[in-house]
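Asks: So that you have it, the file is my_file_35.cif, and it contains mmCIF, C-alpha atoms:
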```cif
data_input
loop_
_atom_site.label_atom_id
_atom_site.label_comp_id
_atom_site.auth_asym_id
_atom_site.auth_seq_id
_atom_site.Cartn_x
_atom_site.Cartn_y
_atom_site.Cartn_z
CA MET U 775 -77.19 -72.79 -90.10
CA LYS U 776 -74.95 -69.84 -89.31
CA ASP U 777 -75.22 -66.43 -90.94
CA VAL U 778 -71.97 -66.88 -92.84
CA ILE U 779 -70.98 -67.47 -96.47
CA GLY U 780 -68.23 -69.92 -97.33
CA ILE U 781 -65.80 -69.11 -100.13
CA LEU U 782 -63.36 -71.75 -101.30
CA ASP U 783 -60.43 -72.00 -103.69
CA SER U 784 -57.46 -74.25 -104.24
CA GLY U 785 -55.29 -71.47 -102.81
CA VAL U 786 -55.15 -67.70 -102.46
CA GLY U 787 -56.65 -66.75 -105.84
CA GLY U 788 -60.23 -66.65 -104.65
CA ILE U 789 -59.34 -63.75 -102.36
CA SER U 790 -59.83 -61.60 -105.47
CA VAL U 791 -63.47 -62.76 -105.43
CA LEU U 792 -63.75 -62.32 -101.67
CA ARG U 793 -62.65 -58.67 -102.00
CA LYS U 794 -65.43 -58.03 -104.52
CA ALA U 795 -67.97 -59.83 -102.31
CA VAL U 796 -67.10 -57.72 -99.27
CA GLN U 797 -67.41 -54.56 -101.37
CA LEU U 798 -70.85 -55.44 -102.76
CA LEU U 799 -72.23 -57.26 -99.68
CA PRO U 800 -70.74 -55.33 -96.73
CA ASN U 801 -73.13 -56.72 -94.11
CA GLU U 802 -72.39 -60.38 -94.81
CA ASN U 803 -69.98 -62.57 -92.84
CA PHE U 804 -67.48 -64.64 -94.81
CA ILE U 805 -65.21 -67.62 -94.21
CA TYR U 806 -62.51 -67.99 -96.85
CA TYR U 807 -60.87 -71.41 -97.15
CA GLY U 808 -57.89 -72.11 -99.38
CA ASP U 809 -56.54 -75.61 -99.87
CA ASN U 810 -53.03 -74.23 -100.23
CA GLN U 811 -51.37 -77.46 -99.19
CA ASN U 812 -52.65 -79.06 -102.40
CA ALA U 813 -52.52 -76.05 -104.77
CA PRO U 814 -52.50 -75.76 -107.71
CA TYR U 815 -55.45 -77.91 -108.78
CA GLY U 816 -55.27 -77.03 -112.49
CA PRO U 817 -52.62 -79.56 -113.60
CA LYS U 818 -54.10 -82.43 -111.54
CA PRO U 819 -56.21 -85.32 -112.94
CA LEU U 820 -59.98 -84.75 -112.86
CA GLU U 821 -60.73 -87.33 -110.19
CA GLU U 822 -58.09 -85.87 -107.87
CA ILE U 823 -59.52 -82.38 -108.37
CA ARG U 824 -62.96 -83.69 -107.44
CA ARG U 825 -61.65 -85.51 -104.37
CA LEU U 826 -59.81 -82.45 -103.09
CA SER U 827 -62.79 -80.21 -103.89
CA ALA U 828 -65.09 -82.46 -101.87
CA GLN U 829 -62.72 -82.26 -98.89
CA ALA U 830 -62.60 -78.46 -99.10
CA VAL U 831 -66.39 -78.25 -99.33
CA ASP U 832 -66.81 -80.58 -96.35
CA HIS U 833 -64.51 -78.32 -94.33
CA LEU U 834 -66.87 -75.38 -94.92
CA LEU U 835 -70.07 -77.38 -94.55
CA SER U 836 -68.89 -78.48 -91.09
CA GLN U 837 -69.14 -74.81 -90.12
CA GLU U 838 -72.81 -74.60 -91.18
CA VAL U 839 -72.40 -71.98 -93.90
CA LYS U 840 -75.59 -70.64 -95.52
CA ALA U 841 -74.14 -70.46 -99.04
CA LEU U 842 -71.03 -71.59 -100.91
CA VAL U 843 -69.04 -69.62 -103.46
CA ILE U 844 -66.60 -71.66 -105.54
CA ALA U 845 -64.06 -68.92 -106.19
CA CYS U 846 -62.09 -71.10 -108.58
CA ASN U 847 -62.74 -71.77 -112.26
CA THR U 848 -61.09 -75.20 -112.06
CA ILE U 849 -63.23 -76.40 -109.13
CA THR U 850 -66.35 -74.93 -110.74
CA SER U 851 -65.70 -76.78 -113.99
CA ALA U 852 -64.84 -80.06 -112.28
CA TYR U 853 -67.16 -80.18 -109.29
CA ALA U 854 -69.95 -77.57 -109.20
CA SER U 855 -72.63 -79.75 -110.82
CA ILE U 856 -71.81 -82.61 -108.45
CA LEU U 857 -71.92 -80.27 -105.46
CA ARG U 858 -75.32 -78.85 -106.43
CA ASP U 859 -76.70 -82.40 -106.35
CA ARG U 860 -75.16 -82.90 -102.90
CA VAL U 861 -76.42 -79.84 -101.05
CA LYS U 862 -79.56 -77.71 -100.87
CA LEU U 863 -77.94 -74.38 -100.03
CA PRO U 864 -77.02 -71.86 -102.77
CA VAL U 865 -73.87 -72.78 -104.70
CA ILE U 866 -72.31 -70.10 -106.91
CA GLY U 867 -69.43 -70.84 -109.24
CA MET U 868 -67.10 -69.04 -111.61
CA GLU U 869 -67.14 -68.77 -115.38
CA PRO U 870 -64.35 -67.41 -117.59
CA ALA U 871 -65.57 -64.08 -118.97
CA VAL U 872 -65.34 -65.24 -122.59
CA LYS U 873 -68.80 -63.95 -123.51
CA PRO U 874 -68.32 -60.27 -122.52
CA ALA U 875 -64.78 -60.26 -123.91
CA SER U 876 -65.97 -61.71 -127.20
CA LEU U 877 -68.80 -59.19 -127.45
CA ALA U 878 -66.33 -56.35 -126.85
CA ARG U 879 -63.88 -57.61 -129.49
CA GLY U 880 -63.20 -55.48 -132.55
CA ASP U 881 -61.07 -56.81 -135.39
CA GLY U 882 -58.42 -58.21 -133.05
CA LYS U 883 -58.23 -61.37 -130.97
CA VAL U 884 -59.15 -62.36 -127.43
CA LEU U 885 -56.70 -64.26 -125.22
CA ALA U 886 -58.41 -66.56 -122.73
CA LEU U 887 -55.93 -67.34 -119.96
CA ALA U 888 -56.90 -70.29 -117.76
CA THR U 889 -55.59 -73.45 -116.15
CA ARG U 890 -55.21 -76.71 -118.06
CA ALA U 891 -58.22 -78.24 -116.31
CA THR U 892 -60.49 -75.27 -116.99
CA LEU U 893 -59.55 -75.22 -120.68
CA SER U 894 -60.08 -78.97 -121.07
CA LEU U 895 -63.49 -79.40 -119.41
CA ASP U 896 -67.00 -79.11 -120.87
CA LYS U 897 -67.86 -75.71 -119.40
CA PHE U 898 -65.15 -73.95 -121.38
CA SER U 899 -65.92 -75.98 -124.51
CA ARG U 900 -69.52 -74.76 -124.42
CA LEU U 901 -68.36 -71.16 -124.05
CA MET U 902 -66.10 -71.59 -127.06
CA GLU U 903 -68.91 -73.09 -129.12
CA ASN U 904 -71.09 -70.05 -128.47
CA TYR U 905 -68.59 -67.19 -128.17
CA GLY U 906 -65.26 -68.55 -129.35
CA GLU U 907 -64.80 -66.70 -132.62
CA GLY U 908 -61.50 -64.87 -132.40
CA VAL U 909 -60.73 -66.36 -128.97
CA ILE U 910 -57.33 -67.96 -128.38
CA PRO U 911 -57.15 -70.27 -125.32
CA VAL U 912 -53.83 -70.01 -123.45
CA GLU U 913 -52.82 -72.25 -120.56
CA GLY U 914 -51.35 -70.06 -117.82
CA ALA U 915 -48.66 -72.58 -116.90
CA GLY U 916 -46.81 -71.58 -113.74
CA LEU U 917 -48.87 -68.46 -113.02
CA VAL U 918 -50.80 -69.87 -110.07
CA GLN U 919 -47.56 -70.91 -108.42
CA LEU U 920 -46.18 -67.37 -108.70
CA VAL U 921 -49.24 -65.89 -106.98
CA GLU U 922 -49.22 -68.61 -104.31
CA ALA U 923 -45.58 -67.76 -103.60
CA GLY U 924 -46.36 -64.05 -103.18
CA LYS U 925 -44.50 -63.08 -106.36
CA ALA U 926 -47.30 -61.48 -108.39
CA ASP U 927 -45.72 -58.01 -108.42
CA THR U 928 -42.14 -59.06 -109.13
CA PRO U 929 -39.85 -58.94 -112.18
CA GLU U 930 -39.95 -62.75 -112.12
CA ALA U 931 -43.72 -62.71 -112.73
CA LEU U 932 -43.39 -60.13 -115.50
CA GLU U 933 -40.77 -62.22 -117.28
CA ALA U 934 -42.85 -65.39 -116.88
CA LEU U 935 -45.83 -63.62 -118.44
CA ARG U 936 -43.66 -62.20 -121.22
CA ALA U 937 -42.34 -65.67 -122.07
CA LEU U 938 -45.82 -67.19 -121.96
CA LEU U 939 -47.51 -64.48 -124.05
CA LEU U 940 -44.68 -63.64 -126.45
CA PRO U 941 -46.33 -65.51 -129.38
CA TYR U 942 -49.30 -63.13 -129.16
CA MET U 943 -47.48 -59.83 -128.70
CA SER U 944 -47.09 -59.32 -132.45
CA ILE U 945 -50.84 -59.57 -133.18
CA LYS U 946 -53.72 -57.25 -132.30
CA ILE U 947 -55.21 -58.28 -128.97
CA ASP U 948 -58.46 -56.51 -128.10
CA ALA U 949 -59.21 -58.30 -124.83
CA ILE U 950 -57.72 -60.69 -122.31
CA VAL U 951 -59.83 -63.01 -120.17
CA LEU U 952 -58.45 -63.82 -116.72
CA GLY U 953 -59.98 -67.29 -116.44
CA CYS U 954 -58.47 -68.14 -113.05
CA THR U 955 -59.09 -66.23 -109.83
CA HIS U 956 -55.34 -66.05 -109.19
CA TYR U 957 -54.78 -64.04 -112.35
CA PRO U 958 -56.31 -60.69 -111.23
CA PHE U 959 -53.29 -60.38 -108.94
CA LEU U 960 -51.18 -60.35 -112.14
CA ARG U 961 -53.37 -57.77 -113.85
CA ARG U 962 -50.91 -54.88 -113.63
CA GLN U 963 -48.17 -57.02 -115.14
CA ILE U 964 -50.44 -58.13 -118.00
CA GLU U 965 -51.46 -54.53 -118.66
CA ARG U 966 -47.80 -53.59 -119.03
CA LEU U 967 -47.45 -56.16 -121.82
CA PHE U 968 -50.80 -55.42 -123.51
CA PRO U 969 -51.68 -51.80 -122.66
CA GLN U 970 -54.24 -51.62 -125.46
CA ALA U 971 -56.24 -54.68 -124.36
CA ARG U 972 -59.33 -54.64 -122.15
CA ILE U 973 -59.14 -57.04 -119.21
CA PHE U 974 -62.12 -59.21 -118.25
CA ASP U 975 -62.68 -61.52 -115.30
CA GLY U 976 -65.77 -63.14 -113.81
CA ARG U 977 -65.59 -61.81 -110.25
CA GLU U 978 -68.34 -59.19 -110.33
CA GLY U 979 -70.75 -61.47 -112.19
CA THR U 980 -70.18 -64.19 -109.60
CA VAL U 981 -70.85 -61.87 -106.66
CA CYS U 982 -73.96 -60.43 -108.33
CA GLN U 983 -75.23 -63.98 -108.78
CA LEU U 984 -74.52 -64.66 -105.10
CA GLN U 985 -76.58 -61.61 -104.18
CA ARG U 986 -79.47 -62.75 -106.39
CA ARG U 987 -79.47 -66.26 -104.91
CA LEU U 988 -79.37 -64.92 -101.35
CA GLU U 989 -82.33 -62.65 -102.14
CA GLU U 990 -84.29 -65.51 -103.73
CA THR U 991 -83.75 -67.76 -100.71
CA GLY U 992 -84.36 -65.09 -98.06
CA LEU U 993 -80.78 -65.34 -96.80
CA LEU U 994 -79.48 -61.88 -97.70
CA THR U 995 -78.28 -59.71 -94.81
CA ARG U 996 -79.43 -56.22 -95.78
CA GLN U 997 -78.42 -54.13 -92.79
CA GLY U 998 -76.69 -54.15 -89.43
CA ALA U 999 -73.06 -54.05 -88.44
CA PRO U 1000 -70.32 -54.52 -91.04
CA GLY U 1001 -69.67 -58.19 -91.71
CA THR U 1002 -66.63 -60.17 -90.65
CA VAL U 1003 -64.01 -62.04 -92.67
CA SER U 1004 -62.25 -65.16 -91.45
CA PHE U 1005 -59.32 -66.81 -93.28
CA GLN U 1006 -58.62 -70.53 -93.11
CA THR U 1007 -56.13 -72.72 -94.95
CA SER U 1008 -54.79 -76.24 -95.20
CA GLY U 1009 -51.39 -74.55 -95.35
CA ASP U 1010 -49.29 -72.87 -92.67
CA ALA U 1011 -49.19 -69.60 -90.72
CA GLU U 1012 -47.15 -67.93 -93.46
CA THR U 1013 -49.94 -68.74 -95.90
CA LEU U 1014 -52.50 -67.10 -93.63
CA ALA U 1015 -50.36 -63.96 -93.46
CA ARG U 1016 -50.13 -63.90 -97.27
CA MET U 1017 -53.92 -64.27 -97.52
CA ARG U 1018 -54.46 -61.21 -95.33
CA ALA U 1019 -51.91 -59.23 -97.33
CA LEU U 1020 -53.59 -60.15 -100.63
CA PHE U 1021 -56.98 -59.19 -99.22
CA ASP U 1022 -55.59 -55.71 -98.63
CA ALA U 1023 -54.07 -55.53 -102.12
CA ASP U 1024 -55.57 -53.39 -104.88
CA VAL U 1025 -57.01 -55.79 -107.47
#
```
Output the structure of this file as structure tokens.

Replies:
Amino acid sequence: MKDVIGILDSGVGGISVLRKAVQLLPNENFIYYGDNQNAPYGPKPLEEIRRLSAQAVDHLLSQEVKALVIACNTITSAYASILRDRVKLPVIGMEPAVKPASLARGDGKVLALATRATLSLDKFSRLMENYGEGVIPVEGAGLVQLVEAGKADTPEALEALRALLLPYMSIKIDAIVLGCTHYPFLRRQIERLFPQARIFDGREGTVCQLQRRLEETGLLTRQGAPGTVSFQTSGDAETLARMRALFDADV
């Protein structure tokens, strides 16, 4: 086993989680793997998502990682429980931040933006059963593709968000849940449309859970030189360059 943590996503979205992990765990080494060639996963059938997830996991396991972070709500919903039965190392997944957003809600509504797969699977259904009062699920159709194409901060992305969220712009929105790790890269655009809404995502909770699991298993690196970050992709060299640029972005 190497002293490195594997982080995986269907594409570049999980870099938003990686940034938070590097901030909170500066002495750890990370490998980030995005299956960009097959992104997005969200619209795909469940069995295909699971097959692609298994391939991505195997890619990281071949490098003897000490822990795995599934920096993707879709993969977490579709594959995390299967993966935990497969491996003995710590596996940390994502969860749409419906609970904290719901608890922070006043007399307005909560928009829960996520992919089709995340919204349709059991994990989200259980969240809605417990914390779904006043929560409106919204499929973020086309948003992942904009981020993957490097268009998060463009007028095209703003207009896509405006068209998607127009039905909710005439009602009081107290909070918006970014239920896909690609969506934090669209945060500034969403804030322009809903300046009064609080924005919630699950990144910090995921990294805090990673820290707890590393402590419990004696795998946490507490001191030493600053850790390293390595980017890998099933895509091309242009994708790797975009990954590095997103890692340096302010999200």

Asks: How big is the axis-aligned box around all listed atoms of region 857-874 of chain U once 4 Å goes on each side, and where's its centre, in Å to one decimal, as AutoDock Vina command-line options?

Replies:
```
--center_x -72.0 --center_y -71.6 --center_z -111.8 --size_x 23.2 --size_y 30.6 --size_z 31.5
```

Asks: Residues of region 798-847 of chain U that have any atom at most 10 Å from an atom of region 855-860 of chain U: could you tabulate them with the shortest-distance atom pair and the distance in Å to one decimal, using all atoms listed in the file, ordered by chain and increasing number, as a Markdown table?

Replies:
```
| residue | atom | partner | partner_atom | distance |
| --- | --- | --- | --- | --- |
| U:Arg824 | CA | U:Ile856 | CA | 9.0 |
| U:Ser827 | CA | U:Leu857 | CA | 9.3 |
| U:Ala828 | CA | U:Leu857 | CA | 8.0 |
| U:Val831 | CA | U:Leu857 | CA | 8.5 |
| U:Leu842 | CA | U:Leu857 | CA | 9.8 |
```

Asks: Can I get the selected residues back with C-alpha atoms, as a PDB file, in the frame of the given file?

Replies:
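part.pdb written:
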```pdb
ATOM      1  CA  ARG U 824     -62.960 -83.690-107.440  1.00  0.00           C
ATOM      2  CA  SER U 827     -62.790 -80.210-103.890  1.00  0.00           C
ATOM      3  CA  ALA U 828     -65.090 -82.460-101.870  1.00  0.00           C
ATOM      4  CA  VAL U 831     -66.390 -78.250 -99.330  1.00  0.00           C
ATOM      5  CA  LEU U 842     -71.030 -71.590-100.910  1.00  0.00           C
TER       6      LEU U 842
END
```

Asks: Nearest to Leu799 (chain U): which of U:Ala878, U:Val778, U:Val861, U:Ala1015 is it, counting only C-alpha atoms?

Replies: U:Val778

Asks: What does the structure give for the distance between CA of Leu1014 (chain U) and CA of Arg793 (chain U), in Å to one decimal?

Replies: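 Atom-to-atom, CA of Leu1014 (chain U) and CA of Arg793 (chain U) are spaced 15.6 Å apart.
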
Asks: Quote the spacing between CA of Gly1009 (chain U) and CA of Asn810 (chain U) in Å to one decimal place.

Replies: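 These atoms are spaced 5.2 Å apart.
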
Asks: Within 8 Å of (-73.3, -53.8, -92.0) (file coordinates; all atoms listed in the file), which protein or nucleic acid residues are there? I'd like them as a ChimeraX atom specification.

Replies: /U:800-802,996-1001

Asks: Between CA of Gly906 (chain U) and CA of Ser784 (chain U), measure the distance and give it in Å to one decimal.

Replies: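 Computed distance, CA of Gly906 (chain U) to CA of Ser784 (chain U), equals 26.9 Å.
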
Asks: Output requested as a tab-separated table (two decimals), in the frame of the given file - region 966-987 of chain U, filled out with N, CA, C and O atoms.

Replies:
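Okay, this is what ended up in selection10.tsv:
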```tsv
chain	number	residue	atom	x	y	z
U	966	ARG	N	-49.07	-54.14	-118.54
U	966	ARG	CA	-47.80	-53.59	-119.03
U	966	ARG	C	-47.43	-54.21	-120.37
U	966	ARG	O	-46.84	-53.53	-121.23
U	967	LEU	N	-47.77	-55.47	-120.57
U	967	LEU	CA	-47.45	-56.16	-121.82
U	967	LEU	C	-48.47	-55.87	-122.93
U	967	LEU	O	-48.11	-55.87	-124.11
U	968	PHE	N	-49.72	-55.66	-122.54
U	968	PHE	CA	-50.80	-55.42	-123.51
U	968	PHE	C	-51.60	-54.18	-123.08
U	968	PHE	O	-52.76	-54.29	-122.68
U	969	PRO	N	-51.00	-53.00	-123.16
U	969	PRO	CA	-51.68	-51.80	-122.66
U	969	PRO	C	-52.94	-51.44	-123.43
U	969	PRO	O	-53.80	-50.73	-122.91
U	970	GLN	N	-53.07	-51.95	-124.66
U	970	GLN	CA	-54.24	-51.62	-125.46
U	970	GLN	C	-55.42	-52.57	-125.23
U	970	GLN	O	-56.53	-52.31	-125.69
U	971	ALA	N	-55.20	-53.66	-124.52
U	971	ALA	CA	-56.24	-54.68	-124.36
U	971	ALA	C	-57.13	-54.41	-123.15
U	971	ALA	O	-56.65	-53.97	-122.11
U	972	ARG	N	-58.42	-54.68	-123.29
U	972	ARG	CA	-59.33	-54.64	-122.15
U	972	ARG	C	-59.22	-55.96	-121.39
U	972	ARG	O	-59.06	-57.02	-121.99
U	973	ILE	N	-59.28	-55.87	-120.07
U	973	ILE	CA	-59.14	-57.04	-119.21
U	973	ILE	C	-60.50	-57.42	-118.65
U	973	ILE	O	-61.22	-56.57	-118.12
U	974	PHE	N	-60.84	-58.72	-118.75
U	974	PHE	CA	-62.12	-59.21	-118.25
U	974	PHE	C	-61.89	-60.35	-117.27
U	974	PHE	O	-61.03	-61.21	-117.49
U	975	ASP	N	-62.65	-60.35	-116.17
U	975	ASP	CA	-62.68	-61.52	-115.30
U	975	ASP	C	-64.11	-61.69	-114.78
U	975	ASP	O	-64.94	-60.81	-114.96
U	976	GLY	N	-64.39	-62.82	-114.17
U	976	GLY	CA	-65.77	-63.14	-113.81
U	976	GLY	C	-66.16	-62.82	-112.38
U	976	GLY	O	-67.21	-63.25	-111.90
U	977	ARG	N	-65.35	-62.01	-111.69
U	977	ARG	CA	-65.59	-61.81	-110.25
U	977	ARG	C	-66.91	-61.09	-109.97
U	977	ARG	O	-67.70	-61.54	-109.14
U	978	GLU	N	-67.14	-59.98	-110.64
U	978	GLU	CA	-68.34	-59.19	-110.33
U	978	GLU	C	-69.61	-59.96	-110.68
U	978	GLU	O	-70.59	-59.94	-109.93
U	979	GLY	N	-69.59	-60.67	-111.82
U	979	GLY	CA	-70.75	-61.47	-112.19
U	979	GLY	C	-71.05	-62.55	-111.16
U	979	GLY	O	-72.21	-62.83	-110.85
U	980	THR	N	-70.00	-63.16	-110.61
U	980	THR	CA	-70.18	-64.19	-109.60
U	980	THR	C	-70.80	-63.62	-108.33
U	980	THR	O	-71.74	-64.20	-107.76
U	981	VAL	N	-70.32	-62.46	-107.89
U	981	VAL	CA	-70.85	-61.87	-106.66
U	981	VAL	C	-72.28	-61.37	-106.87
U	981	VAL	O	-73.12	-61.50	-105.97
U	982	CYS	N	-72.58	-60.84	-108.04
U	982	CYS	CA	-73.96	-60.43	-108.33
U	982	CYS	C	-74.89	-61.64	-108.32
U	982	CYS	O	-76.04	-61.55	-107.83
U	983	GLN	N	-74.42	-62.76	-108.84
U	983	GLN	CA	-75.23	-63.98	-108.78
U	983	GLN	C	-75.41	-64.46	-107.35
U	983	GLN	O	-76.50	-64.91	-106.97
U	984	LEU	N	-74.39	-64.34	-106.52
U	984	LEU	CA	-74.52	-64.66	-105.10
U	984	LEU	C	-75.59	-63.79	-104.47
U	984	LEU	O	-76.46	-64.30	-103.73
U	985	GLN	N	-75.58	-62.51	-104.74
U	985	GLN	CA	-76.58	-61.61	-104.18
U	985	GLN	C	-77.99	-62.01	-104.61
U	985	GLN	O	-78.92	-62.05	-103.80
U	986	ARG	N	-78.15	-62.33	-105.89
U	986	ARG	CA	-79.47	-62.75	-106.39
U	986	ARG	C	-79.95	-64.02	-105.70
U	986	ARG	O	-81.12	-64.11	-105.30
U	987	ARG	N	-79.06	-64.99	-105.53
U	987	ARG	CA	-79.47	-66.26	-104.91
U	987	ARG	C	-79.80	-66.06	-103.43
U	987	ARG	O	-80.73	-66.69	-102.91
```
